[in-house]
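What follows is the content of upload_1.cif (mmCIF, C-alpha atoms (C1' of nucleotides)).
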data_work
loop_
_atom_site.label_atom_id
_atom_site.label_comp_id
_atom_site.auth_asym_id
_atom_site.auth_seq_id
_atom_site.Cartn_x
_atom_site.Cartn_y
_atom_site.Cartn_z
CA MET L 1 0.00 0.00 0.00
CA ALA L 2 1.05 3.55 -0.56
CA ARG L 3 2.84 5.03 2.39
CA ARG L 4 1.13 8.01 3.91
CA THR L 5 3.52 10.90 4.36
CA LEU L 6 3.15 14.47 5.44
CA THR L 7 3.53 15.67 1.90
CA VAL L 8 0.50 16.77 -0.02
CA ASP L 9 -1.04 15.08 -2.99
CA PRO L 10 0.94 16.25 -6.02
CA VAL L 11 -2.11 16.98 -8.09
CA ALA L 12 -5.48 17.03 -6.43
CA CYS L 13 -6.25 19.78 -4.01
CA CYS L 14 -9.16 22.08 -3.80
CA SER L 15 -11.97 23.44 -5.83
CA PRO L 16 -11.32 26.82 -7.42
CA VAL L 17 -11.75 29.69 -4.99
CA ARG L 18 -14.22 31.36 -7.31
CA ALA L 19 -16.45 28.30 -7.62
CA GLU L 20 -17.77 28.10 -4.09
CA THR L 21 -16.69 29.01 -0.59
CA LEU L 22 -13.84 26.77 0.49
CA ASP L 23 -14.55 24.51 3.41
CA GLU L 24 -12.17 24.65 6.34
CA ALA L 25 -10.20 21.55 5.41
CA ALA L 26 -9.62 22.68 1.84
CA ALA L 27 -8.66 26.15 3.04
CA GLU L 28 -6.15 24.65 5.44
CA THR L 29 -4.55 22.55 2.71
CA LEU L 30 -4.43 25.38 0.22
CA ALA L 31 -3.06 27.82 2.76
CA ARG L 32 -0.22 25.47 3.54
CA SER L 33 0.69 25.30 -0.13
CA PHE L 34 0.63 29.04 -0.61
CA ALA L 35 2.65 29.46 2.56
CA ALA L 36 5.41 27.56 0.79
CA LEU L 37 5.34 30.29 -1.85
CA SER L 38 5.15 33.17 0.61
CA ASP L 39 8.89 33.61 1.02
CA PRO L 40 11.02 35.34 -1.63
CA ILE L 41 13.93 32.98 -1.12
CA ARG L 42 11.76 29.94 -1.65
CA LEU L 43 10.20 31.50 -4.73
CA ARG L 44 13.63 32.12 -6.22
CA LEU L 45 14.78 28.61 -5.35
CA LEU L 46 11.68 27.12 -6.95
CA SER L 47 11.88 29.39 -9.97
CA HIS L 48 15.52 28.52 -10.48
CA ILE L 49 14.73 24.81 -10.46
CA ALA L 50 11.53 25.08 -12.50
CA SER L 51 13.08 27.27 -15.17
CA ALA L 52 16.07 24.96 -15.47
CA GLY L 53 13.77 22.32 -16.90
CA ASP L 54 16.14 19.74 -15.50
CA GLU L 55 17.63 18.58 -12.26
CA VAL L 56 19.43 21.11 -10.09
CA CYS L 57 22.07 20.25 -7.51
CA ALA L 58 21.47 21.48 -3.98
CA CYS L 59 25.00 22.85 -3.88
CA ASP L 60 24.07 25.34 -6.60
CA LEU L 61 21.13 26.57 -4.56
CA VAL L 62 23.32 27.72 -1.69
CA THR L 63 25.48 29.97 -3.83
CA MET L 64 22.52 31.12 -5.90
CA SER L 65 20.39 32.13 -2.94
CA GLY L 66 23.09 33.72 -0.86
CA ARG L 67 21.87 31.95 2.28
CA SER L 68 23.62 29.51 4.53
CA GLN L 69 23.50 25.81 3.80
CA PRO L 70 21.17 25.01 6.76
CA THR L 71 18.80 27.77 5.70
CA VAL L 72 18.61 26.49 2.14
CA SER L 73 18.11 22.97 3.43
CA HIS L 74 15.26 24.23 5.59
CA HIS L 75 13.57 25.99 2.68
CA MET L 76 13.97 23.03 0.37
CA LYS L 77 12.33 20.81 2.95
CA LEU L 78 9.33 23.12 2.93
CA LEU L 79 9.13 23.08 -0.86
CA PHE L 80 9.49 19.31 -0.81
CA ASP L 81 6.80 18.84 1.84
CA ALA L 82 4.54 21.09 -0.22
CA GLY L 83 5.02 18.74 -3.15
CA LEU L 84 6.52 21.45 -5.31
CA VAL L 85 9.85 19.67 -5.84
CA THR L 86 11.15 16.12 -5.78
CA ARG L 87 14.38 15.14 -4.10
CA ASP L 88 16.82 12.56 -5.42
CA LYS L 89 19.98 11.77 -3.52
CA ARG L 90 22.70 10.23 -5.62
CA GLY L 91 26.03 9.81 -3.92
CA LEU L 92 26.88 12.90 -1.94
CA TRP L 93 24.68 15.21 -3.94
CA VAL L 94 20.96 15.88 -3.79
CA TRP L 95 19.19 16.73 -7.02
CA TYR L 96 15.95 18.64 -7.11
CA ARG L 97 13.34 18.70 -9.81
CA ALA L 98 10.20 20.81 -10.08
CA VAL L 99 6.75 19.21 -10.03
CA PRO L 100 4.77 21.04 -12.71
CA GLU L 101 1.59 19.16 -11.81
CA ARG L 102 1.69 20.74 -8.39
CA LEU L 103 2.07 24.24 -9.80
CA ASP L 104 -0.80 23.53 -12.16
CA ALA L 105 -2.94 22.36 -9.26
CA LEU L 106 -2.37 25.64 -7.46
CA ARG L 107 -3.18 27.56 -10.62
CA THR L 108 -6.43 25.66 -10.85
CA ALA L 109 -7.22 26.51 -7.26
CA LEU L 110 -6.96 30.18 -8.16
CA ALA L 111 -9.38 29.83 -11.05
CA MET M 1 -1.63 61.61 -11.68
CA ALA M 2 -2.46 58.35 -10.04
CA ARG M 3 -1.62 58.26 -6.39
CA ARG M 4 0.98 55.70 -5.40
CA THR M 5 -0.25 53.52 -2.58
CA LEU M 6 1.11 50.49 -0.80
CA THR M 7 -1.22 48.26 -2.73
CA VAL M 8 0.11 46.23 -5.60
CA ASP M 9 -0.69 46.65 -9.24
CA PRO M 10 -3.95 44.78 -9.86
CA VAL M 11 -2.73 43.06 -12.95
CA ALA M 12 0.96 43.17 -13.76
CA CYS M 13 3.35 41.33 -11.56
CA CYS M 14 6.03 38.91 -12.39
CA SER M 15 7.16 36.63 -15.12
CA PRO M 16 6.09 33.01 -14.76
CA VAL M 17 8.24 31.08 -12.31
CA ARG M 18 8.98 28.47 -14.94
CA ALA M 19 10.15 30.96 -17.52
CA GLU M 20 13.31 32.18 -15.85
CA THR M 21 14.69 32.61 -12.35
CA LEU M 22 12.84 35.39 -10.58
CA ASP M 23 14.91 38.39 -9.67
CA GLU M 24 14.85 39.51 -6.05
CA ALA M 25 12.37 42.33 -6.55
CA ALA M 26 9.87 40.16 -8.39
CA ALA M 27 10.25 37.43 -5.81
CA GLU M 28 9.57 39.92 -3.04
CA THR M 29 6.40 41.16 -4.73
CA LEU M 30 5.11 37.70 -5.51
CA ALA M 31 5.89 36.41 -2.03
CA ARG M 32 3.84 39.20 -0.52
CA SER M 33 0.87 38.25 -2.69
CA PHE M 34 1.07 34.58 -1.83
CA ALA M 35 1.46 35.47 1.83
CA ALA M 36 -2.00 37.00 1.59
CA LEU M 37 -3.24 33.56 0.54
CA SER M 38 -1.27 31.64 3.14
CA ASP M 39 -3.90 31.81 5.87
CA PRO M 40 -6.98 29.55 5.83
CA ILE M 41 -9.23 32.28 7.19
CA ARG M 42 -8.20 34.71 4.47
CA LEU M 43 -8.68 32.03 1.82
CA ARG M 44 -12.20 31.36 3.03
CA LEU M 45 -12.97 35.08 3.18
CA LEU M 46 -11.68 35.58 -0.34
CA SER M 47 -13.40 32.48 -1.65
CA HIS M 48 -16.67 33.54 -0.09
CA ILE M 49 -16.46 36.93 -1.78
CA ALA M 50 -15.18 35.64 -5.11
CA SER M 51 -17.74 32.88 -5.38
CA ALA M 52 -20.55 35.29 -4.54
CA GLY M 53 -19.92 37.02 -7.84
CA ASP M 54 -21.25 40.18 -6.27
CA GLU M 55 -20.58 42.50 -3.39
CA VAL M 56 -20.39 41.06 0.10
CA CYS M 57 -21.00 43.04 3.27
CA ALA M 58 -18.24 42.99 5.87
CA CYS M 59 -20.79 42.14 8.55
CA ASP M 60 -21.43 38.80 6.85
CA LEU M 61 -17.73 37.98 6.96
CA VAL M 62 -17.56 38.11 10.74
CA THR M 63 -20.28 35.53 11.25
CA MET M 64 -19.09 33.42 8.34
CA SER M 65 -15.46 33.23 9.51
CA GLY M 66 -16.15 32.73 13.18
CA ARG M 67 -13.50 35.28 14.13
CA SER M 68 -13.78 38.52 16.01
CA GLN M 69 -14.58 41.72 14.18
CA PRO M 70 -11.07 43.19 14.63
CA THR M 71 -9.52 39.99 13.34
CA VAL M 72 -11.68 39.99 10.22
CA SER M 73 -10.91 43.65 9.68
CA HIS M 74 -7.22 42.85 9.92
CA HIS M 75 -7.45 40.04 7.38
CA MET M 76 -9.53 42.10 4.98
CA LYS M 77 -6.94 44.83 5.10
CA LEU M 78 -4.30 42.32 4.04
CA LEU M 79 -6.47 41.09 1.17
CA PHE M 80 -7.15 44.68 0.16
CA ASP M 81 -3.49 45.68 0.28
CA ALA M 82 -2.70 42.62 -1.82
CA GLY M 83 -5.12 43.91 -4.43
CA LEU M 84 -7.30 40.83 -4.17
CA VAL M 85 -10.44 42.70 -3.12
CA THR M 86 -11.84 46.20 -3.47
CA ARG M 87 -13.49 48.04 -0.61
CA ASP M 88 -16.50 50.31 -0.94
CA LYS M 89 -17.92 52.04 2.09
CA ARG M 90 -21.53 53.13 1.70
CA GLY M 91 -23.13 54.48 4.82
CA LEU M 92 -22.27 52.33 7.77
CA TRP M 93 -21.49 49.23 5.76
CA VAL M 94 -18.40 48.23 3.86
CA TRP M 95 -18.84 46.17 0.73
CA TYR M 96 -16.12 43.97 -0.67
CA ARG M 97 -15.70 42.71 -4.18
CA ALA M 98 -13.14 40.28 -5.59
CA VAL M 99 -10.59 41.40 -8.18
CA PRO M 100 -10.44 38.56 -10.72
CA GLU M 101 -7.62 40.26 -12.61
CA ARG M 102 -5.44 39.91 -9.56
CA LEU M 103 -6.19 36.22 -9.20
CA ASP M 104 -5.45 35.77 -12.89
CA ALA M 105 -2.14 37.57 -12.47
CA LEU M 106 -1.11 35.17 -9.74
CA ARG M 107 -2.18 32.23 -11.89
CA THR M 108 0.02 33.56 -14.65
CA ALA M 109 2.93 33.82 -12.26
CA LEU M 110 2.59 30.12 -11.53
CA ALA M 111 2.72 29.22 -15.20
"C1'" DG W 1 39.95 1.67 9.38
"C1'" DA W 2 40.56 7.38 9.03
"C1'" DC W 3 39.29 11.40 6.75
"C1'" DA W 4 36.65 14.67 3.91
"C1'" DA W 5 32.52 16.38 1.59
"C1'" DA W 6 27.38 17.19 1.11
"C1'" DC W 7 23.37 17.60 3.28
"C1'" DA W 8 20.09 17.25 7.45
"C1'" DT W 9 19.02 18.29 12.15
"C1'" DC W 10 19.33 20.85 16.46
"C1'" DG W 11 19.25 24.94 19.41
"C1'" DA W 12 18.77 29.57 19.92
"C1'" DC W 13 17.64 34.12 18.60
"C1'" DG W 14 15.01 38.21 16.71
"C1'" DA W 15 11.20 39.29 13.67
"C1'" DA W 16 6.79 38.65 11.86
"C1'" DT W 17 2.02 36.89 12.37
"C1'" DG W 18 -2.82 35.71 14.16
"C1'" DT W 19 -5.72 36.74 17.72
"C1'" DC W 20 -8.82 39.48 20.70
"C1'" DG W 21 -10.34 43.14 24.18
"C1'" DA W 22 -10.38 47.95 24.50
"C1'" DT W 23 -10.77 52.10 22.23
"C1'" DG W 24 -11.20 55.40 18.31
"C1'" DT W 25 -13.86 57.10 14.20
"C1'" DA W 26 -17.37 57.82 10.84
"C1'" DG W 27 -22.16 57.71 9.63
"C1'" DC W 28 -26.99 57.24 10.55
"C1'" DA W 29 -31.57 58.12 13.68
"C1'" DG W 30 -33.92 60.43 17.07
"C1'" DC Z 1 -26.42 67.29 20.34
"C1'" DT Z 2 -27.03 62.34 22.01
"C1'" DG Z 3 -26.87 57.91 21.31
"C1'" DC Z 4 -26.22 53.69 18.49
"C1'" DT Z 5 -24.06 50.95 14.83
"C1'" DA Z 6 -20.32 49.33 11.68
"C1'" DC Z 7 -15.81 49.24 11.03
"C1'" DA Z 8 -10.75 50.56 11.89
"C1'" DT Z 9 -6.90 51.03 14.97
"C1'" DC Z 10 -4.26 50.09 19.10
"C1'" DG Z 11 -1.91 47.24 22.61
"C1'" DA Z 12 -0.65 43.03 24.23
"C1'" DC Z 13 0.08 38.25 23.97
"C1'" DA Z 14 1.32 33.51 22.30
"C1'" DT Z 15 2.78 31.27 18.24
"C1'" DT Z 16 5.16 30.74 14.04
"C1'" DC Z 17 8.91 31.81 10.91
"C1'" DG Z 18 13.59 32.86 8.89
"C1'" DT Z 19 18.15 32.64 10.05
"C1'" DC Z 20 22.72 30.73 11.23
"C1'" DG Z 21 26.43 28.28 14.06
"C1'" DA Z 22 27.22 23.85 15.86
"C1'" DT Z 23 26.61 19.18 15.36
"C1'" DG Z 24 24.95 14.73 13.37
"C1'" DT Z 25 24.55 11.48 9.36
"C1'" DT Z 26 25.54 9.51 5.08
"C1'" DT Z 27 28.58 8.66 1.23
"C1'" DG Z 28 32.83 8.38 -1.25
"C1'" DT Z 29 38.04 8.29 -1.10
"C1'" DC Z 30 42.28 6.90 0.51
#
Do you think you could lay out the structure here as structure tokens?
Amino acid sequence: MARRTLTVDPVACCSPVRAETLDEAAAETLARSFAALSDPIRLRLLSHIASAGDEVCACDLVTMSGRSQPTVSHHMKLLFDAGLVTRDKRGLWVWYRAVPERLDALRTALA
Amino acid sequence: MARRTLTVDPVACCSPVRAETLDEAAAETLARSFAALSDPIRLRLLSHIASAGDEVCACDLVTMSGRSQPTVSHHMKLLFDAGLVTRDKRGLWVWYRAVPERLDALRTALA
DNA sequence: GACAAACATCGACGAATGTCGATGTAGCAG
DNA sequence: CTGCTACATCGACATTCGTCGATGTTTGTC
């Protein structure tokens, strides 16, 4: 059986905000996703990965963001838990990849 | 000339996150908008107004959200400053209306 | 085995946020 | 002018968040 984690469903989420009033559970889920996008550093990290169109090494993110390694690790964990990126550890390096389906799901929620 | 306020431009914002890495200024602007959507109460308030398709009285929002009047007023100010709703005071009542162009702008930013 | 490198976790700190009671302000009704 | 109503602002509080140095863990190299 599929293991239940704390991460959100990559695709499904909530009905569009303009369709009907969100119920409390849907609002909670959506809010958590948007909270992942509510920090400029995280937005730049995500944008850097998403625009690359390919895998990005975590080591690049530290230099690119200008933050310390623990801080970047913290932000990437939030993006990962929000389902916005995937993480793939190979050897010493960790490679991140954007999850376009998740971005599309959030776009749908704003419809 | 148009008065410059603290509110954001209703339409224009940032290039899509998948197009190229956001610069710091764009990331700051976008993050502030998503921060307005990062609270479940605000999402329900906005969804209630947006799905109404018409004006909504502030008095309805208090009962609907289950929060105190000052708290609702605080949240509505954030939504207003984010350009997601307009405010129209007529007599004693304040009427809110959703700004679909702003929601569309955020959807575009997630493209 | 010992050592180094990449990343995660921990602990602590200041700053920002959500919340509400108390109070201020603007607009009606008498 | 007096009161009442709807909403905004203020002050205070607990909680959450962003940050980084120190430390832990995993992996590869020798």
Residues in the PyMOL selection byres ((chain Z) within 8 of (chain M)), expressed as a compact mmCIF listing (two decimals) with C-alpha atoms (C1' of nucleotides), in the frame of the given file:
# COMPACT_ATOMS: atom_id res chain seq x y z
C1' DT Z 5 -24.06 50.95 14.83
C1' DA Z 6 -20.32 49.33 11.68
C1' DC Z 7 -15.81 49.24 11.03
C1' DA Z 8 -10.75 50.56 11.89
Just say which residues the PyMOL selection byres ((chain W and resi 2) around 12) picks in this file, as a list in words.
->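 Given this file, the PyMOL selection byres ((chain W and resi 2) around 12) evaluates to DG1, DC3 and DA4 of chain W; DT29 and DC30 of chain Z.
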Residues matched by the PyMOL selection byres ((chain W) within 8 of (chain L)), written as a tab-separated table (two decimals) with C-alpha atoms (C1' of nucleotides), in the coordinates of the input:
chain	number	residue	atom	x	y	z
W	5	DA	C1'	32.52	16.38	1.59
W	6	DA	C1'	27.38	17.19	1.11
W	7	DC	C1'	23.37	17.60	3.28
W	8	DA	C1'	20.09	17.25	7.45
Residues of chain L within 8 Å of chain M, all atoms listed in the file counted, as an NGL selection string | :L and (17-24 or 27-28 or 30-35 or 37-41 or 43-44 or 46-48 or 50-52 or 103-104 or 106-108 or 110-111)
Pose of chain M fitted onto chain L, C-alpha LSQ, given as an mmCIF file with C-alpha atoms, keeping the file's coordinate frame:
data_model
loop_
_atom_site.group_PDB
_atom_site.id
_atom_site.type_symbol
_atom_site.label_atom_id
_atom_site.label_comp_id
_atom_site.auth_asym_id
_atom_site.auth_seq_id
_atom_site.Cartn_x
_atom_site.Cartn_y
_atom_site.Cartn_z
ATOM 1 C CA MET M 1 -0.053 0.165 -0.344
ATOM 2 C CA ALA M 2 1.213 3.663 -0.752
ATOM 3 C CA ARG M 3 2.760 5.062 2.360
ATOM 4 C CA ARG M 4 1.019 8.094 3.800
ATOM 5 C CA THR M 5 3.444 10.927 4.360
ATOM 6 C CA LEU M 6 3.102 14.515 5.459
ATOM 7 C CA THR M 7 3.499 15.683 1.909
ATOM 8 C CA VAL M 8 0.472 16.784 -0.029
ATOM 9 C CA ASP M 9 -1.061 15.084 -3.000
ATOM 10 C CA PRO M 10 0.904 16.242 -6.050
ATOM 11 C CA VAL M 11 -2.133 16.967 -8.111
ATOM 12 C CA ALA M 12 -5.511 17.030 -6.417
ATOM 13 C CA CYS M 13 -6.268 19.766 -3.992
ATOM 14 C CA CYS M 14 -9.161 22.070 -3.770
ATOM 15 C CA SER M 15 -11.974 23.427 -5.812
ATOM 16 C CA PRO M 16 -11.339 26.807 -7.409
ATOM 17 C CA VAL M 17 -11.765 29.682 -4.980
ATOM 18 C CA ARG M 18 -14.250 31.336 -7.297
ATOM 19 C CA ALA M 19 -16.445 28.285 -7.617
ATOM 20 C CA GLU M 20 -17.770 28.073 -4.086
ATOM 21 C CA THR M 21 -16.678 28.999 -0.581
ATOM 22 C CA LEU M 22 -13.823 26.769 0.498
ATOM 23 C CA ASP M 23 -14.545 24.510 3.412
ATOM 24 C CA GLU M 24 -12.168 24.661 6.359
ATOM 25 C CA ALA M 25 -10.193 21.563 5.432
ATOM 26 C CA ALA M 26 -9.601 22.685 1.864
ATOM 27 C CA ALA M 27 -8.652 26.143 3.045
ATOM 28 C CA GLU M 28 -6.143 24.656 5.459
ATOM 29 C CA THR M 29 -4.534 22.559 2.729
ATOM 30 C CA LEU M 30 -4.400 25.384 0.229
ATOM 31 C CA ALA M 31 -3.049 27.841 2.783
ATOM 32 C CA ARG M 32 -0.195 25.492 3.556
ATOM 33 C CA SER M 33 0.709 25.308 -0.129
ATOM 34 C CA PHE M 34 0.644 29.051 -0.611
ATOM 35 C CA ALA M 35 2.666 29.483 2.562
ATOM 36 C CA ALA M 36 5.417 27.563 0.797
ATOM 37 C CA LEU M 37 5.351 30.286 -1.859
ATOM 38 C CA SER M 38 5.158 33.180 0.572
ATOM 39 C CA ASP M 39 8.903 33.620 1.000
ATOM 40 C CA PRO M 40 11.033 35.357 -1.653
ATOM 41 C CA ILE M 41 13.947 32.990 -1.129
ATOM 42 C CA ARG M 42 11.770 29.933 -1.655
ATOM 43 C CA LEU M 43 10.223 31.501 -4.750
ATOM 44 C CA ARG M 44 13.645 32.115 -6.239
ATOM 45 C CA LEU M 45 14.777 28.594 -5.359
ATOM 46 C CA LEU M 46 11.683 27.106 -6.947
ATOM 47 C CA SER M 47 11.875 29.367 -9.970
ATOM 48 C CA HIS M 48 15.516 28.509 -10.477
ATOM 49 C CA ILE M 49 14.722 24.800 -10.439
ATOM 50 C CA ALA M 50 11.542 25.049 -12.492
ATOM 51 C CA SER M 51 13.066 27.239 -15.162
ATOM 52 C CA ALA M 52 16.066 24.932 -15.460
ATOM 53 C CA GLY M 53 13.768 22.289 -16.880
ATOM 54 C CA ASP M 54 16.137 19.699 -15.502
ATOM 55 C CA GLU M 55 17.632 18.566 -12.245
ATOM 56 C CA VAL M 56 19.435 21.098 -10.093
ATOM 57 C CA CYS M 57 22.072 20.229 -7.518
ATOM 58 C CA ALA M 58 21.477 21.468 -3.983
ATOM 59 C CA CYS M 59 25.009 22.854 -3.883
ATOM 60 C CA ASP M 60 24.088 25.337 -6.611
ATOM 61 C CA LEU M 61 21.152 26.578 -4.557
ATOM 62 C CA VAL M 62 23.330 27.735 -1.685
ATOM 63 C CA THR M 63 25.475 29.997 -3.829
ATOM 64 C CA MET M 64 22.525 31.143 -5.908
ATOM 65 C CA SER M 65 20.362 32.138 -2.923
ATOM 66 C CA GLY M 66 23.075 33.747 -0.862
ATOM 67 C CA ARG M 67 21.869 31.990 2.282
ATOM 68 C CA SER M 68 23.611 29.552 4.548
ATOM 69 C CA GLN M 69 23.502 25.855 3.809
ATOM 70 C CA PRO M 70 21.190 25.044 6.755
ATOM 71 C CA THR M 71 18.814 27.791 5.700
ATOM 72 C CA VAL M 72 18.615 26.497 2.138
ATOM 73 C CA SER M 73 18.111 22.984 3.436
ATOM 74 C CA HIS M 74 15.264 24.248 5.584
ATOM 75 C CA HIS M 75 13.573 26.004 2.676
ATOM 76 C CA MET M 76 13.990 23.032 0.368
ATOM 77 C CA LYS M 77 12.348 20.824 2.938
ATOM 78 C CA LEU M 78 9.336 23.131 2.940
ATOM 79 C CA LEU M 79 9.153 23.070 -0.857
ATOM 80 C CA PHE M 80 9.494 19.295 -0.802
ATOM 81 C CA ASP M 81 6.809 18.831 1.841
ATOM 82 C CA ALA M 82 4.554 21.088 -0.213
ATOM 83 C CA GLY M 83 5.020 18.726 -3.135
ATOM 84 C CA LEU M 84 6.530 21.437 -5.299
ATOM 85 C CA VAL M 85 9.854 19.666 -5.825
ATOM 86 C CA THR M 86 11.151 16.110 -5.761
ATOM 87 C CA ARG M 87 14.400 15.146 -4.088
ATOM 88 C CA ASP M 88 16.830 12.557 -5.397
ATOM 89 C CA LYS M 89 19.989 11.780 -3.498
ATOM 90 C CA ARG M 90 22.716 10.205 -5.609
ATOM 91 C CA GLY M 91 26.027 9.792 -3.881
ATOM 92 C CA LEU M 92 26.891 12.887 -1.948
ATOM 93 C CA TRP M 93 24.694 15.210 -3.957
ATOM 94 C CA VAL M 94 20.995 15.877 -3.783
ATOM 95 C CA TRP M 95 19.198 16.710 -6.994
ATOM 96 C CA TYR M 96 15.953 18.623 -7.085
ATOM 97 C CA ARG M 97 13.343 18.683 -9.781
ATOM 98 C CA ALA M 98 10.191 20.789 -10.053
ATOM 99 C CA VAL M 99 6.745 19.180 -9.999
ATOM 100 C CA PRO M 100 4.752 21.009 -12.686
ATOM 101 C CA GLU M 101 1.587 19.122 -11.769
ATOM 102 C CA ARG M 102 1.686 20.722 -8.362
ATOM 103 C CA LEU M 103 2.062 24.206 -9.788
ATOM 104 C CA ASP M 104 -0.814 23.485 -12.150
ATOM 105 C CA ALA M 105 -2.948 22.332 -9.236
ATOM 106 C CA LEU M 106 -2.380 25.608 -7.442
ATOM 107 C CA ARG M 107 -3.190 27.516 -10.622
ATOM 108 C CA THR M 108 -6.439 25.613 -10.833
ATOM 109 C CA ALA M 109 -7.243 26.509 -7.256
ATOM 110 C CA LEU M 110 -6.965 30.173 -8.169
ATOM 111 C CA ALA M 111 -9.403 29.808 -11.036
#
Write out as a ChimeraX atom specification which residues come within 9 Å of Thr71 (chain L) when counting all atoms listed in the file, dropping same-chain ones fewer than 5 positions away.
-> /L:62,76 /Z:18-20
Could you work out how far CA of His75 (chain M) lies from CA of Val99 (chain M), giving the answer in Å with one decimal?
->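 Computing it gives 15.9 Å between the two atoms.
A straight line drawn from C1' of DC17 (chain Z) to CA of Asp81 (chain M) is 21.4 Å long.
Straight-line separation from C1' of DG21 (chain Z) to C1' of DT9 (chain W): 12.6 Å.
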How big is the axis-aligned box around the listed atoms of region 19-28 of chain Z once 8 Å is added on each side, and where is its centre? Give both in Å to one decimal, as JSON.
{"center_x": 25.5, "center_y": 20.5, "center_z": 7.3, "size_x": 30.7, "size_y": 40.3, "size_z": 33.1}
List the residues sitting within 12 Å of (-8.3, 37.7, 24.1) in the file's frame, using all atoms listed in the file, as JSON, numbers by chain.
-> {"M": [67, 68, 70, 71], "W": [18, 19, 20, 21, 22], "Z": [11, 12, 13, 14]}
